[in-house]
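Structure data follow from run_12.pdb (PDB, C-alpha atoms):
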```pdb
ATOM      1  CA  MET Y 204     -11.349   8.327  -5.338  1.00  0.00           C
ATOM      2  CA  ALA Y 205      -8.839   7.756  -8.101  1.00  0.00           C
ATOM      3  CA  LEU Y 206      -5.104   7.707  -8.790  1.00  0.00           C
ATOM      4  CA  ALA Y 207      -3.690   8.844 -12.127  1.00  0.00           C
ATOM      5  CA  SER Y 208      -0.355   9.440 -13.823  1.00  0.00           C
ATOM      6  CA  GLY Y 209      -1.371  10.373 -17.359  1.00  0.00           C
ATOM      7  CA  GLY Y 210      -3.810  12.609 -19.147  1.00  0.00           C
ATOM      8  CA  GLY Y 211      -6.875  11.857 -17.035  1.00  0.00           C
ATOM      9  CA  ARG Y 212      -9.243  10.834 -19.842  1.00  0.00           C
ATOM     10  CA  THR Y 213     -10.639   7.950 -17.773  1.00  0.00           C
ATOM     11  CA  ILE Y 214     -11.375  10.277 -14.874  1.00  0.00           C
ATOM     12  CA  GLU Y 215     -13.127  12.734 -17.167  1.00  0.00           C
ATOM     13  CA  ASN Y 216     -15.214   9.929 -18.687  1.00  0.00           C
ATOM     14  CA  LEU Y 217     -16.328   8.687 -15.263  1.00  0.00           C
ATOM     15  CA  PHE Y 218     -16.941  12.228 -14.010  1.00  0.00           C
ATOM     16  CA  GLY Y 219     -19.249  12.870 -16.956  1.00  0.00           C
ATOM     17  CA  LEU Y 220     -21.269   9.749 -16.159  1.00  0.00           C
ATOM     18  CA  MET Y 221     -21.490  10.807 -12.523  1.00  0.00           C
ATOM     19  CA  ALA Y 222     -22.619  14.316 -13.467  1.00  0.00           C
ATOM     20  CA  ASN Y 223     -25.317  12.866 -15.747  1.00  0.00           C
ATOM     21  CA  LYS Y 224     -26.528  10.544 -12.945  1.00  0.00           C
ATOM     22  CA  GLU Y 225     -25.574   7.488 -14.991  1.00  0.00           C
ATOM     23  CA  LEU Y 226     -23.127   6.391 -12.290  1.00  0.00           C
ATOM     24  CA  ASP Y 227     -24.109   6.695  -8.635  1.00  0.00           C
ATOM     25  CA  ALA Y 228     -20.734   7.762  -7.314  1.00  0.00           C
ATOM     26  CA  GLN Y 229     -18.488  10.787  -6.867  1.00  0.00           C
ATOM     27  CA  PHE Y 230     -14.794  11.558  -6.725  1.00  0.00           C
ATOM     28  CA  THR Y 231     -13.793  12.787  -3.290  1.00  0.00           C
ATOM     29  CA  ARG Y 232     -10.200  13.306  -4.430  1.00  0.00           C
ATOM     30  CA  VAL Y 233      -7.758  12.339  -7.164  1.00  0.00           C
ATOM     31  CA  ILE Y 234      -4.092  11.674  -6.409  1.00  0.00           C
ATOM     32  CA  VAL Y 235      -1.647  12.298  -9.243  1.00  0.00           C
ATOM     33  CA  SER Y 236       1.946  11.123  -9.464  1.00  0.00           C
ATOM     34  CA  GLN Y 237       3.152  14.475 -10.852  1.00  0.00           C
ATOM     35  CA  SER Y 238       1.555  17.864 -10.268  1.00  0.00           C
ATOM     36  CA  ASN Y 239       2.142  18.861 -13.909  1.00  0.00           C
ATOM     37  CA  CYS Y 240       0.452  15.847 -15.517  1.00  0.00           C
ATOM     38  CA  GLY Y 241      -2.630  16.178 -17.676  1.00  0.00           C
ATOM     39  CA  ALA Y 242      -4.830  14.458 -15.095  1.00  0.00           C
ATOM     40  CA  ALA Y 243      -4.130  17.243 -12.590  1.00  0.00           C
ATOM     41  CA  ASP Y 244      -5.199  19.878 -15.121  1.00  0.00           C
ATOM     42  CA  ARG Y 245      -8.395  17.973 -15.931  1.00  0.00           C
ATOM     43  CA  CYS Y 246      -9.282  17.595 -12.267  1.00  0.00           C
ATOM     44  CA  GLN Y 247      -8.807  21.303 -11.636  1.00  0.00           C
ATOM     45  CA  ARG Y 248     -10.986  22.132 -14.625  1.00  0.00           C
ATOM     46  CA  LEU Y 249     -13.688  19.701 -13.462  1.00  0.00           C
ATOM     47  CA  GLY Y 250     -13.573  20.915  -9.858  1.00  0.00           C
ATOM     48  CA  ILE Y 251     -12.292  17.624  -8.430  1.00  0.00           C
ATOM     49  CA  PRO Y 252      -9.958  18.003  -5.416  1.00  0.00           C
ATOM     50  CA  VAL Y 253      -6.494  16.859  -6.435  1.00  0.00           C
ATOM     51  CA  SER Y 254      -3.302  16.045  -4.516  1.00  0.00           C
ATOM     52  CA  SER Y 255       0.106  15.182  -5.934  1.00  0.00           C
ATOM     53  CA  VAL Y 256       2.880  12.905  -4.743  1.00  0.00           C
ATOM     54  CA  ASP Y 257       5.740  14.197  -6.879  1.00  0.00           C
ATOM     55  CA  ARG Y 258       8.882  12.076  -6.814  1.00  0.00           C
ATOM     56  CA  ASP Y 259      11.093  15.101  -6.105  1.00  0.00           C
ATOM     57  CA  ASP Y 260       9.227  15.769  -2.857  1.00  0.00           C
ATOM     58  CA  PHE Y 261      10.301  12.465  -1.284  1.00  0.00           C
ATOM     59  CA  SER Y 262      13.645  10.992  -0.333  1.00  0.00           C
ATOM     60  CA  ASP Y 263      12.747   7.412  -1.289  1.00  0.00           C
ATOM     61  CA  THR Y 264      10.049   5.193  -2.768  1.00  0.00           C
ATOM     62  CA  GLU Y 265       8.838   3.963   0.618  1.00  0.00           C
ATOM     63  CA  SER Y 266       8.064   7.443   1.933  1.00  0.00           C
ATOM     64  CA  ARG Y 267       6.302   8.362  -1.296  1.00  0.00           C
ATOM     65  CA  ASP Y 268       4.198   5.188  -1.141  1.00  0.00           C
ATOM     66  CA  GLN Y 269       3.321   5.895   2.488  1.00  0.00           C
ATOM     67  CA  ALA Y 270       2.265   9.443   1.653  1.00  0.00           C
ATOM     68  CA  THR Y 271       0.024   8.067  -1.103  1.00  0.00           C
ATOM     69  CA  LEU Y 272      -1.574   5.577   1.278  1.00  0.00           C
ATOM     70  CA  ASP Y 273      -2.042   8.270   3.930  1.00  0.00           C
ATOM     71  CA  LEU Y 274      -3.939  10.430   1.434  1.00  0.00           C
ATOM     72  CA  ILE Y 275      -6.122   7.481   0.446  1.00  0.00           C
ATOM     73  CA  LEU Y 276      -6.909   6.479   4.014  1.00  0.00           C
ATOM     74  CA  GLN Y 277      -7.781  10.071   4.961  1.00  0.00           C
ATOM     75  CA  GLU Y 278     -10.613   9.924   2.425  1.00  0.00           C
ATOM     76  CA  ASP Y 279     -11.870   6.515   3.637  1.00  0.00           C
ATOM     77  CA  PRO Y 280     -13.102   5.710   0.109  1.00  0.00           C
ATOM     78  CA  ASP Y 281     -15.494   2.943  -0.876  1.00  0.00           C
ATOM     79  CA  TRP Y 282     -13.352   2.315  -3.972  1.00  0.00           C
ATOM     80  CA  VAL Y 283      -9.926   3.367  -5.175  1.00  0.00           C
ATOM     81  CA  LEU Y 284      -9.667   3.516  -8.969  1.00  0.00           C
ATOM     82  CA  LEU Y 285      -6.280   3.197 -10.644  1.00  0.00           C
ATOM     83  CA  ALA Y 286      -6.999   5.229 -13.761  1.00  0.00           C
ATOM     84  CA  GLY Y 287      -3.674   5.172 -15.562  1.00  0.00           C
ATOM     85  CA  TRP Y 288      -1.609   4.970 -12.357  1.00  0.00           C
ATOM     86  CA  LEU Y 289       1.880   3.808 -13.316  1.00  0.00           C
ATOM     87  CA  ARG Y 290       3.247   2.781  -9.931  1.00  0.00           C
ATOM     88  CA  LEU Y 291       2.727  -0.408  -7.950  1.00  0.00           C
ATOM     89  CA  LEU Y 292       0.483   0.603  -5.062  1.00  0.00           C
ATOM     90  CA  PRO Y 293       1.137  -1.232  -1.792  1.00  0.00           C
ATOM     91  CA  ILE Y 294      -2.278  -2.434  -0.635  1.00  0.00           C
ATOM     92  CA  PRO Y 295      -2.743  -2.797   3.130  1.00  0.00           C
ATOM     93  CA  GLN Y 296      -5.387  -5.149   4.502  1.00  0.00           C
ATOM     94  CA  LEU Y 297      -7.765  -2.205   4.999  1.00  0.00           C
ATOM     95  CA  LEU Y 298      -7.875  -1.654   1.231  1.00  0.00           C
ATOM     96  CA  GLU Y 299      -8.018  -5.263   0.029  1.00  0.00           C
ATOM     97  CA  GLY Y 300     -10.907  -5.695  -2.374  1.00  0.00           C
ATOM     98  CA  LYS Y 301     -11.328  -1.940  -2.762  1.00  0.00           C
ATOM     99  CA  VAL Y 302      -8.650  -1.093  -5.347  1.00  0.00           C
ATOM    100  CA  LEU Y 303      -9.595  -1.468  -9.019  1.00  0.00           C
ATOM    101  CA  ASN Y 304      -7.287  -1.159 -12.001  1.00  0.00           C
ATOM    102  CA  ILE Y 305      -8.063  -0.938 -15.689  1.00  0.00           C
ATOM    103  CA  HIS Y 306      -5.461  -2.382 -18.041  1.00  0.00           C
ATOM    104  CA  PRO Y 307      -5.383  -1.727 -21.821  1.00  0.00           C
ATOM    105  CA  ALA Y 308      -5.107  -5.384 -22.893  1.00  0.00           C
ATOM    106  CA  LEU Y 309      -6.701  -8.753 -22.266  1.00  0.00           C
ATOM    107  CA  LEU Y 310      -4.844 -10.053 -19.230  1.00  0.00           C
ATOM    108  CA  PRO Y 311      -2.938 -12.200 -18.543  1.00  0.00           C
ATOM    109  CA  GLY Y 312      -1.451 -11.273 -21.914  1.00  0.00           C
ATOM    110  CA  PHE Y 313       0.546  -8.054 -22.241  1.00  0.00           C
ATOM    111  CA  GLY Y 314       0.641  -7.331 -18.516  1.00  0.00           C
ATOM    112  CA  GLY Y 315       3.270  -6.824 -15.858  1.00  0.00           C
ATOM    113  CA  LYS Y 316       5.810  -4.165 -14.975  1.00  0.00           C
ATOM    114  CA  GLY Y 317       6.359  -1.710 -17.815  1.00  0.00           C
ATOM    115  CA  ALA Y 318       3.211  -2.869 -19.665  1.00  0.00           C
ATOM    116  CA  TYR Y 319       1.159   0.293 -19.963  1.00  0.00           C
ATOM    117  CA  GLY Y 320      -0.272   2.619 -22.601  1.00  0.00           C
ATOM    118  CA  ASP Y 321       1.441   2.655 -25.970  1.00  0.00           C
ATOM    119  CA  HIS Y 322       3.954   0.011 -24.835  1.00  0.00           C
ATOM    120  CA  VAL Y 323       1.063  -2.459 -24.682  1.00  0.00           C
ATOM    121  CA  HIS Y 324      -0.505  -1.420 -27.981  1.00  0.00           C
ATOM    122  CA  ARG Y 325       2.815  -1.630 -29.832  1.00  0.00           C
ATOM    123  CA  ALA Y 326       3.380  -5.117 -28.427  1.00  0.00           C
ATOM    124  CA  VAL Y 327      -0.090  -6.208 -29.549  1.00  0.00           C
ATOM    125  CA  VAL Y 328       0.585  -4.908 -33.074  1.00  0.00           C
ATOM    126  CA  ALA Y 329       4.023  -6.538 -33.158  1.00  0.00           C
ATOM    127  CA  GLY Y 330       2.441  -9.836 -32.158  1.00  0.00           C
ATOM    128  CA  SER Y 331      -0.120  -9.605 -34.994  1.00  0.00           C
ATOM    129  CA  ARG Y 332      -2.933 -10.388 -32.581  1.00  0.00           C
ATOM    130  CA  PRO Y 333      -6.496 -10.472 -33.958  1.00  0.00           C
ATOM    131  CA  LEU Y 334      -7.933  -9.244 -30.662  1.00  0.00           C
ATOM    132  CA  SER Y 335      -7.095  -6.750 -27.967  1.00  0.00           C
ATOM    133  CA  GLY Y 336      -9.267  -5.099 -25.366  1.00  0.00           C
ATOM    134  CA  CYS Y 337      -9.230  -4.080 -21.734  1.00  0.00           C
ATOM    135  CA  THR Y 338      -9.373  -5.729 -18.329  1.00  0.00           C
ATOM    136  CA  VAL Y 339     -10.832  -4.434 -15.080  1.00  0.00           C
ATOM    137  CA  HIS Y 340      -9.335  -6.259 -12.119  1.00  0.00           C
ATOM    138  CA  PHE Y 341      -8.757  -5.913  -8.405  1.00  0.00           C
ATOM    139  CA  ALA Y 342      -5.223  -4.700  -7.787  1.00  0.00           C
ATOM    140  CA  SER Y 343      -2.829  -6.896  -5.836  1.00  0.00           C
ATOM    141  CA  ALA Y 344       0.800  -6.966  -4.729  1.00  0.00           C
ATOM    142  CA  GLU Y 345       1.925  -7.725  -8.312  1.00  0.00           C
ATOM    143  CA  TYR Y 346       1.404  -5.722 -11.480  1.00  0.00           C
ATOM    144  CA  ASP Y 347      -1.739  -6.847 -13.345  1.00  0.00           C
ATOM    145  CA  ARG Y 348      -2.127 -10.120 -11.453  1.00  0.00           C
ATOM    146  CA  GLY Y 349      -5.199  -9.465  -9.277  1.00  0.00           C
ATOM    147  CA  PRO Y 350      -8.545 -11.244  -9.786  1.00  0.00           C
ATOM    148  CA  ILE Y 351     -10.299 -10.215 -13.001  1.00  0.00           C
ATOM    149  CA  LEU Y 352     -13.713  -8.601 -12.704  1.00  0.00           C
ATOM    150  CA  LEU Y 353     -14.541  -7.892 -16.341  1.00  0.00           C
ATOM    151  CA  GLN Y 354     -12.937  -7.908 -19.793  1.00  0.00           C
ATOM    152  CA  GLU Y 355     -14.058  -6.433 -23.095  1.00  0.00           C
ATOM    153  CA  ALA Y 356     -12.458  -7.634 -26.325  1.00  0.00           C
ATOM    154  CA  VAL Y 357     -12.140  -5.621 -29.520  1.00  0.00           C
ATOM    155  CA  LEU Y 358     -11.540  -7.047 -32.973  1.00  0.00           C
ATOM    156  CA  LEU Y 359      -8.468  -5.667 -34.711  1.00  0.00           C
ATOM    157  CA  GLN Y 360      -8.297  -5.161 -38.441  1.00  0.00           C
ATOM    158  CA  PRO Y 361      -5.177  -6.228 -40.372  1.00  0.00           C
ATOM    159  CA  ASN Y 362      -2.431  -3.593 -40.583  1.00  0.00           C
ATOM    160  CA  MET Y 363      -3.779  -1.450 -37.739  1.00  0.00           C
ATOM    161  CA  ASN Y 364      -1.089   0.649 -36.061  1.00  0.00           C
ATOM    162  CA  ALA Y 365      -0.640   1.200 -32.312  1.00  0.00           C
ATOM    163  CA  ASP Y 366      -2.511   4.536 -32.338  1.00  0.00           C
ATOM    164  CA  GLN Y 367      -5.521   2.944 -34.009  1.00  0.00           C
ATOM    165  CA  VAL Y 368      -5.494   0.075 -31.525  1.00  0.00           C
ATOM    166  CA  ALA Y 369      -5.236   2.555 -28.644  1.00  0.00           C
ATOM    167  CA  LYS Y 370      -8.324   4.459 -29.800  1.00  0.00           C
ATOM    168  CA  LEU Y 371     -10.339   1.268 -30.164  1.00  0.00           C
ATOM    169  CA  VAL Y 372      -9.262  -0.059 -26.774  1.00  0.00           C
ATOM    170  CA  PHE Y 373     -10.020   3.239 -25.037  1.00  0.00           C
ATOM    171  CA  LEU Y 374     -13.604   3.086 -26.323  1.00  0.00           C
ATOM    172  CA  ALA Y 375     -13.859  -0.325 -24.640  1.00  0.00           C
ATOM    173  CA  GLU Y 376     -12.340   1.099 -21.440  1.00  0.00           C
ATOM    174  CA  LYS Y 377     -14.969   3.848 -21.395  1.00  0.00           C
ATOM    175  CA  ARG Y 378     -17.619   1.118 -21.221  1.00  0.00           C
ATOM    176  CA  ALA Y 379     -15.880  -1.504 -19.079  1.00  0.00           C
ATOM    177  CA  PHE Y 380     -14.809   0.628 -16.113  1.00  0.00           C
ATOM    178  CA  PRO Y 381     -18.228   2.194 -15.420  1.00  0.00           C
ATOM    179  CA  THR Y 382     -19.951  -1.162 -16.005  1.00  0.00           C
ATOM    180  CA  SER Y 383     -17.665  -2.719 -13.381  1.00  0.00           C
ATOM    181  CA  LEU Y 384     -18.300   0.103 -10.918  1.00  0.00           C
ATOM    182  CA  LYS Y 385     -22.061  -0.131 -11.359  1.00  0.00           C
ATOM    183  CA  ALA Y 386     -21.884  -3.867 -10.666  1.00  0.00           C
ATOM    184  CA  LEU Y 387     -19.849  -3.295  -7.503  1.00  0.00           C
ATOM    185  CA  ILE Y 388     -22.049  -0.473  -6.231  1.00  0.00           C
ATOM    186  CA  SER Y 389     -25.219  -2.485  -6.797  1.00  0.00           C
ATOM    187  CA  GLY Y 390     -23.768  -5.597  -5.155  1.00  0.00           C
ATOM    188  CA  GLN Y 391     -24.021  -7.619  -8.351  1.00  0.00           C
ATOM    189  CA  VAL Y 392     -20.342  -8.504  -7.944  1.00  0.00           C
ATOM    190  CA  ARG Y 393     -18.104  -8.570  -4.887  1.00  0.00           C
ATOM    191  CA  TRP Y 394     -14.636  -9.380  -3.604  1.00  0.00           C
ATOM    192  CA  GLU Y 395     -14.639 -12.505  -1.435  1.00  0.00           C
ATOM    193  CA  LYS Y 396     -11.437 -13.909   0.054  1.00  0.00           C
ATOM    194  CA  GLY Y 397      -9.322 -12.867  -2.912  1.00  0.00           C
ATOM    195  CA  ARG Y 398     -11.841 -13.960  -5.542  1.00  0.00           C
ATOM    196  CA  VAL Y 399     -14.400 -12.172  -7.717  1.00  0.00           C
ATOM    197  CA  VAL Y 400     -17.914 -13.453  -7.083  1.00  0.00           C
ATOM    198  CA  TRP Y 401     -20.836 -12.526  -9.343  1.00  0.00           C
ATOM    199  CA  GLY Y 402     -24.474 -12.812  -8.321  1.00  0.00           C
TER     200      GLY Y 402
END
```
As structure tokens, what does this structure read like?
Amino acid sequence: MALASGGGRTIENLFGLMANKELDAQFTRVIVSQSNCGAADRCQRLGIPVSSVDRDDFSDTESRDQATLDLILQEDPDWVLLAGWLRLLPIPQLLEGKVLNIHPALLPGFGGKGAYGDHVHRAVVAGSRPLSGCTVHFASAEYDRGPILLQEAVLLQPNMNADQVAKLVFLAEKRAFPTSLKALISGQVRWEKGRVVWG
């Protein structure tokens, strides 16, 4: 299953690979942070069951987080994919080593609270970095601090703007996330006592 807050492009990319039998997995459900976000529309169009945890439906953050966890645990998923999820997900022991996030930069650089989407790409451009890329990592109790599973770097040309960087990085994300999932499903990589172990 997956959690999303944005447009849902990552979900659509993975769904296409699943439909073409290039990825041996399926979405049992997608949870969105707002019922009117683009990811919800994509899921409905693709026939993926979708549930929302809209902020206005809850009296506080704790109850909203608990509702999110309840929906996840009802599905008993093998993996939970944070595909543009913009909230810190509390991870109970039952889900340790099962929650994967993809971040649009090469962690540990350009990570942490508030570091998402165009905010990251603008910061990369402002820092005149020669490289950017994406990072797939296990989620933890802190933003973007969990053990790294895989990274893909992209070379940036001089004078690229944030939109150009975003397009380049998303192409890397479209490769890195499914590659990571295939490795996990096949047992090529695993979570072991808070570490990523290959082989």
>> Can you pull out the residues contacting Arg325 (chain Y)? Cut-off 10 Å, using all atoms listed in the file, and skip same-chain residues under 5 positions away; I want them as a ChimeraX atom specification.
In response: /Y:320,330-331,364-366,368-369
>> Suppose a student applies the PyMOL selection byres ((chain Y and resi 347) around 12) to this structure; what residues should they get, written as a PyMOL selection string?
In response: chain Y and resi 285+288-292+303-319+337-346+348-351
> At most 12 Å from (-6.6, -2.1, 0.9), file frame, all atoms listed in the file: which residues, as number ranges by chain?
Replying inline: Y: 272-273, 275-276, 279-284, 292-303, 341-344, 394, 397
> Closest to Ser208 (chain Y) among Y:Lys396, Y:Arg248, Y:Arg258, Y:Lys377, using only C-alpha atoms?
Replying inline: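 With only C-alpha atoms as the atom set, the closest residue is Y:Arg258.
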> What separation in Å, quoted to one decimal, exists between CA of Glu215 (chain Y) and CA of Ala242 (chain Y)?
Replying inline: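 For CA of Glu215 (chain Y) relative to CA of Ala242 (chain Y), the distance reads 8.7 Å.
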> Can you list, as a list in words, the residues that the PyMOL selection byres ((chain Y and resi 209) around 10) selects here?
Replying inline: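 Applying the PyMOL selection byres ((chain Y and resi 209) around 10) to the structure shown produces Leu206, Ala207, Ser208, Gly210, Gly211, Arg212, Thr213, Val235, Ser236, Gln237, Asn239, Cys240, Gly241, Ala242, Ala243, Ala286, Gly287, Trp288, Leu289 and Gly320 of chain Y.
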> Counting only C-alpha atoms, what is within 10 Å of Leu359 (chain Y), bar same-chain residues fewer than 4 positions away, as a list of chain:residue names?
Replying inline: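 Final neighbour list, sorted by chain and number: Y:Val327, Y:Val328, Y:Ser331, Y:Arg332, Y:Pro333, Y:Leu334, Y:Ser335, Y:Gly336, Y:Met363, Y:Asn364, Y:Gln367, Y:Val368, Y:Leu371, Y:Val372.
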Using only C-alpha atoms, please write the residues we just selected to a file, as a compact mmCIF listing (two decimals), in the coordinates of the input.
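Result went into selection24.txt, see below:
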```txt
# COMPACT_ATOMS: atom_id res chain seq x y z
CA VAL Y 327 -0.09 -6.21 -29.55
CA VAL Y 328 0.58 -4.91 -33.07
CA SER Y 331 -0.12 -9.60 -34.99
CA ARG Y 332 -2.93 -10.39 -32.58
CA PRO Y 333 -6.50 -10.47 -33.96
CA LEU Y 334 -7.93 -9.24 -30.66
CA SER Y 335 -7.10 -6.75 -27.97
CA GLY Y 336 -9.27 -5.10 -25.37
CA MET Y 363 -3.78 -1.45 -37.74
CA ASN Y 364 -1.09 0.65 -36.06
CA GLN Y 367 -5.52 2.94 -34.01
CA VAL Y 368 -5.49 0.08 -31.52
CA LEU Y 371 -10.34 1.27 -30.16
CA VAL Y 372 -9.26 -0.06 -26.77
```
> Of the candidates Y:Thr271, Y:Gln247, Y:Thr264, Y:Asn216, which one gets nearest to Ile234 (chain Y) if we count all atoms listed in the file?
Replying inline: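 The answer is Y:Thr271, which sits nearest to Ile234 (chain Y).
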> CA of Gln269 (chain Y) and CA of Val323 (chain Y), how far apart in Å?
Replying inline: 28.5 Å
>> Let me make sure I understand: among Y:Val392, Y:Leu353, Y:Gly402, Y:Lys224, which one has the smallest atom-to-atom distance to Ala379 (chain Y) if we use all atoms listed in the file?
In response: Y:Leu353
Missing atoms in region 274-302 of chain Y should be modelled up to N, CA and C atoms and reported as a PDB file, in the coordinates of the input.
```
ATOM      1  N   LEU Y 274      -2.918   9.619   2.109  1.00  0.00           N
ATOM      2  CA  LEU Y 274      -3.939  10.430   1.434  1.00  0.00           C
ATOM      3  C   LEU Y 274      -5.184   9.603   1.138  1.00  0.00           C
ATOM      4  N   ILE Y 275      -4.979   8.359   0.723  1.00  0.00           N
ATOM      5  CA  ILE Y 275      -6.122   7.481   0.446  1.00  0.00           C
ATOM      6  C   ILE Y 275      -6.920   7.226   1.720  1.00  0.00           C
ATOM      7  N   LEU Y 276      -6.229   6.854   2.773  1.00  0.00           N
ATOM      8  CA  LEU Y 276      -6.909   6.479   4.014  1.00  0.00           C
ATOM      9  C   LEU Y 276      -7.616   7.667   4.660  1.00  0.00           C
ATOM     10  N   GLN Y 277      -7.105   8.876   4.452  1.00  0.00           N
ATOM     11  CA  GLN Y 277      -7.781  10.071   4.961  1.00  0.00           C
ATOM     12  C   GLN Y 277      -9.180  10.222   4.363  1.00  0.00           C
ATOM     13  N   GLU Y 278      -9.323   9.798   3.112  1.00  0.00           N
ATOM     14  CA  GLU Y 278     -10.613   9.924   2.425  1.00  0.00           C
ATOM     15  C   GLU Y 278     -11.581   8.795   2.788  1.00  0.00           C
ATOM     16  N   ASP Y 279     -11.055   7.687   3.304  1.00  0.00           N
ATOM     17  CA  ASP Y 279     -11.870   6.515   3.637  1.00  0.00           C
ATOM     18  C   ASP Y 279     -12.810   6.153   2.480  1.00  0.00           C
ATOM     19  N   PRO Y 280     -12.249   5.905   1.288  1.00  0.00           N
ATOM     20  CA  PRO Y 280     -13.102   5.710   0.109  1.00  0.00           C
ATOM     21  C   PRO Y 280     -13.746   4.332   0.067  1.00  0.00           C
ATOM     22  N   ASP Y 281     -14.884   4.243  -0.612  1.00  0.00           N
ATOM     23  CA  ASP Y 281     -15.494   2.943  -0.876  1.00  0.00           C
ATOM     24  C   ASP Y 281     -14.653   2.181  -1.895  1.00  0.00           C
ATOM     25  N   TRP Y 282     -14.156   2.918  -2.920  1.00  0.00           N
ATOM     26  CA  TRP Y 282     -13.352   2.315  -3.972  1.00  0.00           C
ATOM     27  C   TRP Y 282     -12.195   3.235  -4.323  1.00  0.00           C
ATOM     28  N   VAL Y 283     -11.091   2.633  -4.682  1.00  0.00           N
ATOM     29  CA  VAL Y 283      -9.926   3.367  -5.175  1.00  0.00           C
ATOM     30  C   VAL Y 283      -9.710   2.911  -6.618  1.00  0.00           C
ATOM     31  N   LEU Y 284      -9.772   3.848  -7.547  1.00  0.00           N
ATOM     32  CA  LEU Y 284      -9.667   3.516  -8.969  1.00  0.00           C
ATOM     33  C   LEU Y 284      -8.289   3.894  -9.484  1.00  0.00           C
ATOM     34  N   LEU Y 285      -7.570   2.928 -10.014  1.00  0.00           N
ATOM     35  CA  LEU Y 285      -6.280   3.197 -10.644  1.00  0.00           C
ATOM     36  C   LEU Y 285      -6.571   3.494 -12.110  1.00  0.00           C
ATOM     37  N   ALA Y 286      -6.581   4.770 -12.427  1.00  0.00           N
ATOM     38  CA  ALA Y 286      -6.999   5.229 -13.761  1.00  0.00           C
ATOM     39  C   ALA Y 286      -5.782   5.731 -14.524  1.00  0.00           C
ATOM     40  N   GLY Y 287      -4.925   4.781 -14.926  1.00  0.00           N
ATOM     41  CA  GLY Y 287      -3.674   5.172 -15.562  1.00  0.00           C
ATOM     42  C   GLY Y 287      -2.592   5.483 -14.540  1.00  0.00           C
ATOM     43  N   TRP Y 288      -2.625   4.815 -13.410  1.00  0.00           N
ATOM     44  CA  TRP Y 288      -1.609   4.970 -12.357  1.00  0.00           C
ATOM     45  C   TRP Y 288      -0.448   4.039 -12.688  1.00  0.00           C
ATOM     46  N   LEU Y 289       0.752   4.576 -12.792  1.00  0.00           N
ATOM     47  CA  LEU Y 289       1.880   3.808 -13.316  1.00  0.00           C
ATOM     48  C   LEU Y 289       2.834   3.280 -12.254  1.00  0.00           C
ATOM     49  N   ARG Y 290       2.403   3.304 -11.003  1.00  0.00           N
ATOM     50  CA  ARG Y 290       3.247   2.781  -9.931  1.00  0.00           C
ATOM     51  C   ARG Y 290       2.544   1.593  -9.271  1.00  0.00           C
ATOM     52  N   LEU Y 291       3.321   0.692  -8.706  1.00  0.00           N
ATOM     53  CA  LEU Y 291       2.727  -0.408  -7.950  1.00  0.00           C
ATOM     54  C   LEU Y 291       2.293   0.128  -6.593  1.00  0.00           C
ATOM     55  N   LEU Y 292       1.011   0.077  -6.322  1.00  0.00           N
ATOM     56  CA  LEU Y 292       0.483   0.603  -5.062  1.00  0.00           C
ATOM     57  C   LEU Y 292       0.496  -0.487  -3.997  1.00  0.00           C
ATOM     58  N   PRO Y 293       1.215  -0.262  -2.891  1.00  0.00           N
ATOM     59  CA  PRO Y 293       1.137  -1.232  -1.792  1.00  0.00           C
ATOM     60  C   PRO Y 293      -0.284  -1.207  -1.231  1.00  0.00           C
ATOM     61  N   ILE Y 294      -0.883  -2.384  -1.074  1.00  0.00           N
ATOM     62  CA  ILE Y 294      -2.278  -2.434  -0.635  1.00  0.00           C
ATOM     63  C   ILE Y 294      -2.354  -3.066   0.759  1.00  0.00           C
ATOM     64  N   PRO Y 295      -2.597  -2.243   1.782  1.00  0.00           N
ATOM     65  CA  PRO Y 295      -2.743  -2.797   3.130  1.00  0.00           C
ATOM     66  C   PRO Y 295      -4.063  -3.558   3.251  1.00  0.00           C
ATOM     67  N   GLN Y 296      -4.195  -4.325   4.314  1.00  0.00           N
ATOM     68  CA  GLN Y 296      -5.387  -5.149   4.502  1.00  0.00           C
ATOM     69  C   GLN Y 296      -6.671  -4.311   4.466  1.00  0.00           C
ATOM     70  N   LEU Y 297      -6.590  -3.092   4.986  1.00  0.00           N
ATOM     71  CA  LEU Y 297      -7.765  -2.205   4.999  1.00  0.00           C
ATOM     72  C   LEU Y 297      -8.316  -1.938   3.602  1.00  0.00           C
ATOM     73  N   LEU Y 298      -7.461  -1.987   2.597  1.00  0.00           N
ATOM     74  CA  LEU Y 298      -7.875  -1.654   1.231  1.00  0.00           C
ATOM     75  C   LEU Y 298      -8.053  -2.876   0.333  1.00  0.00           C
ATOM     76  N   GLU Y 299      -7.856  -4.066   0.853  1.00  0.00           N
ATOM     77  CA  GLU Y 299      -8.018  -5.263   0.029  1.00  0.00           C
ATOM     78  C   GLU Y 299      -9.451  -5.352  -0.484  1.00  0.00           C
ATOM     79  N   GLY Y 300      -9.582  -5.601  -1.776  1.00  0.00           N
ATOM     80  CA  GLY Y 300     -10.907  -5.695  -2.374  1.00  0.00           C
ATOM     81  C   GLY Y 300     -11.560  -4.360  -2.645  1.00  0.00           C
ATOM     82  N   LYS Y 301     -10.787  -3.277  -2.505  1.00  0.00           N
ATOM     83  CA  LYS Y 301     -11.328  -1.940  -2.762  1.00  0.00           C
ATOM     84  C   LYS Y 301     -10.589  -1.209  -3.874  1.00  0.00           C
ATOM     85  N   VAL Y 302      -9.492  -1.776  -4.350  1.00  0.00           N
ATOM     86  CA  VAL Y 302      -8.650  -1.093  -5.347  1.00  0.00           C
ATOM     87  C   VAL Y 302      -8.831  -1.750  -6.706  1.00  0.00           C
TER      88      VAL Y 302
END
```
